[in-house]
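Undergrad: My questions all concern the structure below.
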Amino acid sequence: MVGSSLTVEIPRGPAEIRSLEGRREFGMLEKWILSPETLKRPLHEVEAEEFERAREVCRLLLEEHIRARGVGEVGTAIEVTEGDDQRVHSHRRLQVCGQKTLFGEVEIERLAYALPGHDSVRPLDQQLALPERSFSQEVQRMGVLRAVQGPFDEAVDHVASVTGLEVSKRSVEQIVRDSAVDFDAFYQETEPSVEDTGPIVVGSVDGKGIPMVKPEGAEKVVRRGKGQKANKKRMATVATVYTTVPRVRTPEEVVESLFRPKLKLVDRKKDRKARTGPEQKRVWASLKDGKEAVIRQMAEEMKLRDPKGEKKQTVLTDGERVLQRLVLQVLPGVLLILDLLHVLEKLWKVAHVFYEERSPEAEAWVKAHALMILQGKVSQVVKGMRQSATKRGLVGEAKKTVACVSAYLYHNRAFMRYHEYLAEGLPIASGAVEGACKNLVKDRFERSGMRWTEDTAEAMLKLRATYLSGDFEDYWDFHLEKEQQRLYGGKNWRPFVVAK
């Protein structure tokens, strides 16, 4: 049975009358900017004040636009269908909500169709695609984008300087967490183009620590002991996938590029232009997903780049045995390559055992042994290092360093056939994932004094990944569409007509 509808007076009036306020404010702005007093002021002062005044004009115009769209009246009652439930909302009342926009806060008057015991339905909210929060989608987008690029405090200040709104740091953090919820769905539904891409698919995976806030109830340390750090880090697993074309090189060319004098900026730019960079590179990371989960995501992404299995697939990692084992388990038959940059780090450790740091002898030693490794002579390098340690009578930490590096190289020799990789034009250094660790994690998460909760860190990793992968704008549109479905897609309604 339909209850009696509540009579509500709907405001009506010609659009010309409603627009007077905005026109009047614009006229005042025009009069002010051409006034004798304003014409005597420095331009930067005029510019700053005009910006503030123009923002108010735009705010009034936006309010007038909203009023011109009415209050969402669709009849005396509406019939709502939610699953198997059907009901009629016949109580009507006008409600006002505030929306914080790029131009300041505006008021939205809309009609709510109500039924006791159920949520009201507001057709205008759906027509305007209003978000759940009081901040407009554009304000949220601005705050999230700035937070992805830098600290939350800077995001708050930027929003305030552009919009005049006061947004708390906590609000920006919550918006960031809410905005990341569609990350997985976005990449599941977005397939990269495989046309005109290189014949090599490269995946890489690594780990990077993120400083976390101390858990509640943690005991306060008055003075840290030796080796104790001010904060505890949790490892995020970082991955990247891209395609590329072969780049055939010789071991000698690689060594020369690694040890040549630092190029001038102009020469570095020319050198980068001469190279063929990664194609459609995607980077991402996760604190919550374990290593195996991220590696499986990497495998799925690699498959998207090579759906027919016609490309050469290779994965670069450091020497962490767990990572290597998981990669070979998830991607059986994939070509696993040990990152050359990690090998060089090991060689430098041994060089500084034998020679002074920064000495020409240490550099010459690393250069010579790097060339041997690139030529496929890993076993000879290991044997020579051990013999040198014995001849020099090394003991203690020095002996341990040489032993550890020797074992590292020996156990990874199956993934160090660099002479073969170079001849095929395959990448031998995981610069992409190392860059991701720096750009995605270090540059945003490890600034002075920063501490992260798990939820906020995970959300920031996802959103910053979309930004660095060049997908932020597409992701934001996707997120807004999904949010609207969550807010308004569960209920279907139509004007209720009483049968005569």
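We label chains A, B, ... in the order they appear in the structure tokens, count residues from 1 in each chain, and number ligands from 1 in the order shown.
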Go through range 455-496 of chain A and flag each residue having an atom no more than 10 Å from range 81-92 of chain A; for those, report the closest pair of atoms plus their distance in Å to one decimal, using only C-alpha atoms, ordered by chain and rising number, as a tab-separated table.

TA:
residue	atom	partner	partner_atom	distance
A:Gly489	CA	A:Glu82	CA	9.6
A:Gly490	CA	A:Glu82	CA	6.4
A:Lys491	CA	A:Glu82	CA	5.0
A:Asn492	CA	A:Thr81	CA	5.1
A:Trp493	CA	A:Thr81	CA	6.0
A:Arg494	CA	A:Thr81	CA	8.7
A:Pro495	CA	A:Val88	CA	9.4
A:Phe496	CA	A:Val88	CA	7.3

Undergrad: If we count only C-alpha atoms and set the cut-off at 12 Å, which residues sit around Lys288 in chain A, ignoring sequence neighbours fewer than 6 positions away in its own chain? Please answer as JSON, numbers by chain.

TA: {"A": [234, 235, 236, 237, 238, 294, 453, 454, 455, 456, 457, 458, 459, 461, 462]}

Undergrad: Check the smallest atom-to-atom distance from each of A:Ala398, A:Val202, A:Ala465, A:Ala403 to Gly384 in chain A using only C-alpha atoms, then report the winner.

TA: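 So, comparing all the options, the nearest one is A:Ala403.
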
Undergrad: Just to confirm, what's the straight-line distance from CA of Val159 in chain A to CA of Gln137 in chain A in Å (one decimal)?

TA: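 So the answer is 12.9 Å.
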
Undergrad: Which residues, written as a ChimeraX atom specification, have at least one atom at most 8 Å from range 239-254 of chain A, with only C-alpha atoms counted and residues fewer than 4 positions away on the same chain left out?

TA: /A:197-206,258,276-285,294-295,298,301-302,305,371,374-375,419,422-427,432-433,436

Undergrad: What parts of range 111-352 of chain A does DSSP call strand (DSSP E)? I'd like the answer as a PyMOL selection string.

TA: chain A and resi 111-114+200-211+233-244+279-286+312-317+335-338

Undergrad: Taking 3 positions as the minimum chain separation for residues in the same chain, which residues sit within 10 Å of Arg146 in chain A when counting only C-alpha atoms? Answer as a ChimeraX atom specification.

TA: /A:140-143,149-159,172

Undergrad: Tell me which of A:Gly207, A:Gly470, A:Pro131, A:Gly27 sits closest to Gln485 in chain A, counting only C-alpha atoms.

TA: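 Comparing A:Gly207, A:Gly470, A:Pro131, A:Gly27 against Gln485 in chain A, the winner is A:Pro131.
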
Undergrad: Please build the interface table for range 384-439 of chain A against range 335-342 of chain A with a cut-off of 8 Å, listing for each qualifying residue the nearest atom pair and the distance in Å to one decimal; count only C-alpha atoms, order rows by chain and increasing number, and write it as a Markdown table.

TA:
| residue | atom | partner | partner_atom | distance |
| --- | --- | --- | --- | --- |
| A:Asn412 | CA | A:Leu338 | CA | 7.2 |
| A:Phe415 | CA | A:Ile337 | CA | 4.8 |
| A:Met416 | CA | A:Leu338 | CA | 6.0 |
| A:Ile428 | CA | A:Asp339 | CA | 5.9 |
| A:Ala429 | CA | A:Asp339 | CA | 4.7 |
| A:Ser430 | CA | A:Asp339 | CA | 5.6 |

Undergrad: Write a file of the just-selected residues containing N, CA and C atoms, as a compact mmCIF listing (two decimals), in the first residue's frame.

TA:
# COMPACT_ATOMS: atom_id res chain seq x y z
N ASN A 412 75.40 -18.82 -8.15
CA ASN A 412 74.58 -18.16 -9.17
C ASN A 412 75.15 -18.29 -10.58
N PHE A 415 73.04 -18.54 -13.69
CA PHE A 415 72.27 -17.38 -14.12
C PHE A 415 73.19 -16.24 -14.58
N MET A 416 74.45 -16.57 -14.86
CA MET A 416 75.45 -15.55 -15.20
C MET A 416 76.13 -15.84 -16.54
N ILE A 428 70.85 -7.37 -19.13
CA ILE A 428 71.57 -8.10 -18.09
C ILE A 428 71.58 -7.33 -16.77
N ALA A 429 70.95 -6.18 -16.75
CA ALA A 429 70.88 -5.39 -15.51
C ALA A 429 69.44 -4.99 -15.25
N SER A 430 69.03 -5.07 -14.01
CA SER A 430 67.63 -4.78 -13.64
C SER A 430 67.48 -3.31 -13.29

Undergrad: Out of A:Ala114, A:Ala77, A:Val322, A:Glu56, which residue has the shortest atom-to-atom distance to Gln95 in chain A when counting only C-alpha atoms?

TA: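 Answer, going by the shortest atom-to-atom distance: A:Ala114.
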
Undergrad: Using DSSP secondary structure from the backbone, list all helix (DSSP H, G or I) positions within range 372-443 of chain A, as a VMD selection string.

TA: chain A and resid 372 to 374 378 to 391 396 to 411 413 to 415 418 to 423 431 to 443

Undergrad: Within 9 Å of Glu173 in chain A, counting only C-alpha atoms, which residues show up once you throw out same-chain ones fewer than 4 positions away? Write them as a list in words, please.

TA: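 Here the answer would be Val144, Ala147, Phe152, Ser168, Lys169, Arg177, Asp178 and Thr456 of chain A.
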
Undergrad: Next, dump the selected residues to file, keeping only N, CA and C atoms, as an mmCIF file, in the first residue's frame.

TA:
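selection.cif written:
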data_model
loop_
_atom_site.group_PDB
_atom_site.id
_atom_site.type_symbol
_atom_site.label_atom_id
_atom_site.label_comp_id
_atom_site.auth_asym_id
_atom_site.auth_seq_id
_atom_site.Cartn_x
_atom_site.Cartn_y
_atom_site.Cartn_z
ATOM 1 N N VAL A 144 44.951 13.679 -4.098
ATOM 2 C CA VAL A 144 45.606 12.386 -4.281
ATOM 3 C C VAL A 144 46.834 12.523 -5.164
ATOM 4 N N ALA A 147 49.569 14.109 -3.230
ATOM 5 C CA ALA A 147 50.062 13.196 -2.198
ATOM 6 C C ALA A 147 50.920 12.094 -2.814
ATOM 7 N N PHE A 152 52.189 14.382 2.482
ATOM 8 C CA PHE A 152 50.792 14.747 2.700
ATOM 9 C C PHE A 152 50.651 16.224 3.074
ATOM 10 N N SER A 168 42.161 18.571 6.137
ATOM 11 C CA SER A 168 43.098 18.031 7.122
ATOM 12 C C SER A 168 43.973 16.965 6.492
ATOM 13 N N LYS A 169 45.131 16.780 7.070
ATOM 14 C CA LYS A 169 46.044 15.733 6.610
ATOM 15 C C LYS A 169 45.389 14.361 6.734
ATOM 16 N N ARG A 177 43.561 6.266 0.764
ATOM 17 C CA ARG A 177 43.235 4.842 1.009
ATOM 18 C C ARG A 177 41.997 4.428 0.218
ATOM 19 N N ASP A 178 40.978 5.290 0.222
ATOM 20 C CA ASP A 178 39.745 4.965 -0.502
ATOM 21 C C ASP A 178 39.971 4.924 -2.010
ATOM 22 N N THR A 456 47.835 2.665 4.742
ATOM 23 C CA THR A 456 48.194 3.867 3.991
ATOM 24 C C THR A 456 49.364 3.596 3.053
#

Undergrad: Report the distance between CA of Leu61 in chain A and CA of Arg133 in chain A in Å, rounded to one decimal place.

TA: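 Answer for the CA of Leu61 in chain A to CA of Arg133 in chain A separation: 21.9 Å.
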